[in-house]
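J.: To start, I am sharing the structure in question, which I have written as C-alpha cells.
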Amino acid sequence: MSKYLLFVCAFSSQIQIHKGQALSSVDSSITVRRNMSNDFTGCSFGAAAILQYESLKSRVKTAKDEAEQEKNGKASQDMTYWHNWWNQLTDFQKQVILLMSFVDDFWSSLTEGQQMATGIIAVNAVVLCCWRIPSMQRFMVKYFTANPASKTRCLPMLLSTFSHYSIIHMAANMYVLWTFSSSIVSLLGKEQFLAVYLSAGVISTMVSYLCKTSTGRLHPSLGASGAIMTVLAAVCTKMPEAKLGIILLPMVSFTAGNALKAIVAMDAAGLIMGWRLFDHAAHLGGALFGVWYVAYGHKLMWRKREPLVKAWHSMRSQAPGGRGRPGGSGGDGGRPGPPT
C-alpha cells in the first residue's frame, strides 16, 4: 500500500512538473506573440494605406485615359474592332463569354462590402475543405488552430481566423459578416476594413492566449468569431440606434447598442464562469478592439498615415517610369473613416 501511495505521489509530482514547465514555456512565448500582434497590426494598416493610394491613383489614371480616348475618337474605332472580333467567334466561345459577362454583372451588383465578404467567405470555405482531407490533419492542427502551448507561435494567430472545423460554425460567422459587411466598409473603406479585420483576428487571439495562460487552460481554439465581433461592435458603436433582428424570429427586434451590450455581457459571464462552448476571451477581445477603434483608434492610426503615403509616393516617383502627383495622400485619402 505504501509503495502504491509513493507511486501516486511521484506520478502527481511529475505531472505538476511537466505542467509547470509547459506554463513557463507558454509565458516566455507570450512576449513574442504580443510583439507579433503589435508588428502585424502596424504592417496591416501601413499596407492598407499604400493599397488605398495605389487604388486611387489607378482610378484617376483610368478616368484620364477614358477621357483622352473619347477626345481622340478612339471609342468608335474600338466598337468596330470588337464587333468584328465577336462575329469571328464560335457559338461555344460566345456562350462562355456571355456566362463570364453574367458573373461580372452579378459581381458588379454587389456592394464593396459584400465583395470583400465574398472573398473572406471563399478563403474560409477552402480551409474548411482542407479540414476534410485526412492527410492534412496534422498540418491543419499545427497552423490553423490557436493554442498558447503550441510550438508554432505566430502563424496560427492569423490563420486560425480563417479556420472552421464545423460547417454550422462557419455559416453562422459568415452570415454575421455578410450582414454587417456593407455597413462596415461604407464606414471605413475596403482597405481600412481589411486592415481592421486581419488585426482583429490577431488581437482577439492574443487576448485568448493571455486568458488561457492565466487560467492554465491550454486548449486549442479556431474560428473567425473574434474578428467578426470586431466588425459587429464597430457597427453597433457607430450606429447604436439601428434596428436588428433574429433571422428565425422576424417579429423580435432590438437596437444595435442593446445587442452589443447583451453579447458582451454573455461573453463576460462565460469567461468568469469558465464556459468552454465558445472562446469568450477572443469574443471580448474582438468586441473591445472594435469599440476602441471607432472611438479612438481611427484617430491614432489611420488618420496619421499621411507621412507613410508621402514617403511611398516619393519612392514611386523616383523609380523608373514613376511620375505625377499622388492620387490624394492628404486628409483621409479617398473615403473618410468613421466621423468623429
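Note on naming: chains are A, B, ... as they come in the C-alpha cells, residues start from 1 per chain, ligands start from 1 in the order shown.
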Per residue of stretch 216-246 of chain A within 12 Å of stretch 113-134 of chain A, note the shortest atom pair and the distance in Å to one decimal, counting only C-alpha atoms, and order the rows by chain and increasing residue number, as a tab-separated table.
T.:
```
residue	atom	partner	partner_atom	distance
A:Leu222	CA	A:Leu128	CA	11.4
A:Gly223	CA	A:Asn124	CA	9.2
A:Ala224	CA	A:Asn124	CA	8.8
A:Ala227	CA	A:Ile120	CA	11.5
A:Ile228	CA	A:Ala117	CA	11.0
A:Val231	CA	A:Ala117	CA	11.4
```
J.: Could you list, as number ranges by chain, every residue within 9 Å of A:Pro240, counting only C-alpha atoms and ignoring same-chain residues fewer than 4 positions away?
T.: A: 235-236, 255-260
J.: Atoms to include: N, CA and C atoms. Write the selected residues as a PDB file, in the first residue's frame.
T.:
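Final file, again21.pdb:
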```
ATOM      1  N   VAL A 235     -19.761  48.498 -35.891  1.00  0.00           N
ATOM      2  CA  VAL A 235     -21.009  48.992 -36.486  1.00  0.00           C
ATOM      3  C   VAL A 235     -22.006  49.387 -35.399  1.00  0.00           C
ATOM      4  N   CYS A 236     -22.149  48.553 -34.375  1.00  0.00           N
ATOM      5  CA  CYS A 236     -23.099  48.847 -33.300  1.00  0.00           C
ATOM      6  C   CYS A 236     -22.700  50.099 -32.517  1.00  0.00           C
ATOM      7  N   THR A 255     -32.296  47.304 -30.643  1.00  0.00           N
ATOM      8  CA  THR A 255     -31.306  48.241 -31.165  1.00  0.00           C
ATOM      9  C   THR A 255     -29.921  47.603 -31.181  1.00  0.00           C
ATOM     10  N   ALA A 256     -29.072  48.130 -32.051  1.00  0.00           N
ATOM     11  CA  ALA A 256     -27.710  47.604 -32.166  1.00  0.00           C
ATOM     12  C   ALA A 256     -26.946  47.793 -30.863  1.00  0.00           C
ATOM     13  N   GLY A 257     -27.167  48.922 -30.195  1.00  0.00           N
ATOM     14  CA  GLY A 257     -26.481  49.168 -28.928  1.00  0.00           C
ATOM     15  C   GLY A 257     -26.837  48.149 -27.872  1.00  0.00           C
ATOM     16  N   ASN A 258     -28.113  47.822 -27.755  1.00  0.00           N
ATOM     17  CA  ASN A 258     -28.546  46.819 -26.778  1.00  0.00           C
ATOM     18  C   ASN A 258     -28.030  45.435 -27.138  1.00  0.00           C
ATOM     19  N   ALA A 259     -27.985  45.139 -28.443  1.00  0.00           N
ATOM     20  CA  ALA A 259     -27.463  43.834 -28.872  1.00  0.00           C
ATOM     21  C   ALA A 259     -26.004  43.685 -28.475  1.00  0.00           C
ATOM     22  N   LEU A 260     -25.215  44.743 -28.671  1.00  0.00           N
ATOM     23  CA  LEU A 260     -23.800  44.689 -28.313  1.00  0.00           C
ATOM     24  C   LEU A 260     -23.627  44.502 -26.807  1.00  0.00           C
TER      25      LEU A 260
END
```
J.: Name all residues at most 6 Å from A:Met229 (count only C-alpha atoms; drop same-chain ones fewer than 3 positions away) and give them as a list in words.
T.: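 Once the adjacent positions are removed, what remains is Ser225, Gly226, Leu232, Ala233, Gly286 and Ala287 of chain A.
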J.: Would you mind exporting the chosen residues as a CSV table (one decimal), in the first residue's frame, restricted to C-alpha atoms?
T.:
```csv
chain,number,residue,atom,x,y,z
A,225,SER,CA,-15.5,34.9,-34.2
A,226,GLY,CA,-13.0,37.4,-32.7
A,232,LEU,CA,-20.2,43.8,-35.2
A,233,ALA,CA,-19.0,46.0,-32.3
A,286,GLY,CA,-12.6,41.4,-30.6
A,287,ALA,CA,-15.5,43.4,-29.3
```
J.: Just asking: which residues within stretch 59-225 of chain A are helix (DSSP H, G or I) according to DSSP, as a ChimeraX atom specification?
T.: /A:59-72,74-87,91-109,112-131,134-143,155-162,167-188,190-215,225
J.: Counting only C-alpha atoms, what is within 10 Å of A:Arg33, bar same-chain residues fewer than 4 positions away, as a list in words?
T.: Ser28, Ser29, Ser37, Asn38, Asp39, Pro148, Arg153, Cys154, Leu155, Met157, Val202, Ile203, Thr205, Met206 and Tyr209 of chain A
J.: Only N, CA and C atoms, please: the residues just picked out, written as a tab-separated table (two decimals), in the first residue's frame.
T.:
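Output below, filename again_16.tsv:
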```
chain	number	residue	atom	x	y	z
A	28	SER	N	6.98	32.45	-21.63
A	28	SER	CA	8.10	33.03	-22.37
A	28	SER	C	7.72	33.36	-23.81
A	29	SER	N	6.75	32.61	-24.36
A	29	SER	CA	6.34	32.87	-25.75
A	29	SER	C	5.28	33.95	-25.86
A	37	SER	N	1.76	40.63	-32.53
A	37	SER	CA	0.46	41.28	-32.68
A	37	SER	C	0.64	42.76	-33.00
A	38	ASN	N	1.54	43.42	-32.26
A	38	ASN	CA	1.78	44.84	-32.50
A	38	ASN	C	2.36	45.08	-33.88
A	39	ASP	N	3.37	44.29	-34.25
A	39	ASP	CA	4.01	44.47	-35.55
A	39	ASP	C	3.04	44.18	-36.69
A	148	PRO	N	-1.94	28.41	-27.07
A	148	PRO	CA	-0.76	29.04	-26.47
A	148	PRO	C	0.37	28.06	-26.17
A	153	ARG	N	4.39	29.58	-33.04
A	153	ARG	CA	3.95	30.69	-32.21
A	153	ARG	C	3.08	31.71	-32.93
A	154	CYS	N	3.46	32.14	-34.12
A	154	CYS	CA	2.84	33.34	-34.69
A	154	CYS	C	1.81	33.06	-35.78
A	155	LEU	N	2.13	32.21	-36.75
A	155	LEU	CA	1.23	31.99	-37.88
A	155	LEU	C	-0.19	31.59	-37.48
A	157	MET	N	-1.97	32.48	-35.10
A	157	MET	CA	-2.74	33.62	-34.60
A	157	MET	C	-3.54	34.27	-35.73
A	202	VAL	N	-5.85	38.72	-35.08
A	202	VAL	CA	-4.62	38.50	-34.32
A	202	VAL	C	-4.78	38.99	-32.88
A	203	ILE	N	-5.38	40.17	-32.71
A	203	ILE	CA	-5.52	40.74	-31.37
A	203	ILE	C	-6.47	39.92	-30.51
A	205	THR	N	-7.04	36.76	-30.76
A	205	THR	CA	-6.32	35.53	-30.42
A	205	THR	C	-5.33	35.80	-29.30
A	206	MET	N	-4.68	36.96	-29.32
A	206	MET	CA	-3.73	37.32	-28.27
A	206	MET	C	-4.44	37.43	-26.92
A	209	TYR	N	-5.08	33.99	-25.72
A	209	TYR	CA	-3.85	33.40	-25.19
A	209	TYR	C	-3.59	33.85	-23.75
```
J.: Figure out the distance between atom CA of A:Lys190 and atom CA of A:Ser44, please, to one decimal in Å.
T.: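 Between atom CA of A:Ser44 and atom CA of A:Lys190 the gap is 12.7 Å.
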J.: Using only C-alpha atoms for the distances, tell me which of A:Trp312, A:Lys151, A:Lys238, A:Gly201 is nearest to A:Ile30.
T.: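 The closest residue to A:Ile30 is A:Lys151.
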J.: Between A:Ala234, A:Ala282, A:Ala146, A:Ile247, which has the minimum distance to A:Gly297 (counting only C-alpha atoms)?
T.: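 The answer is A:Ala234, which sits nearest to A:Gly297.
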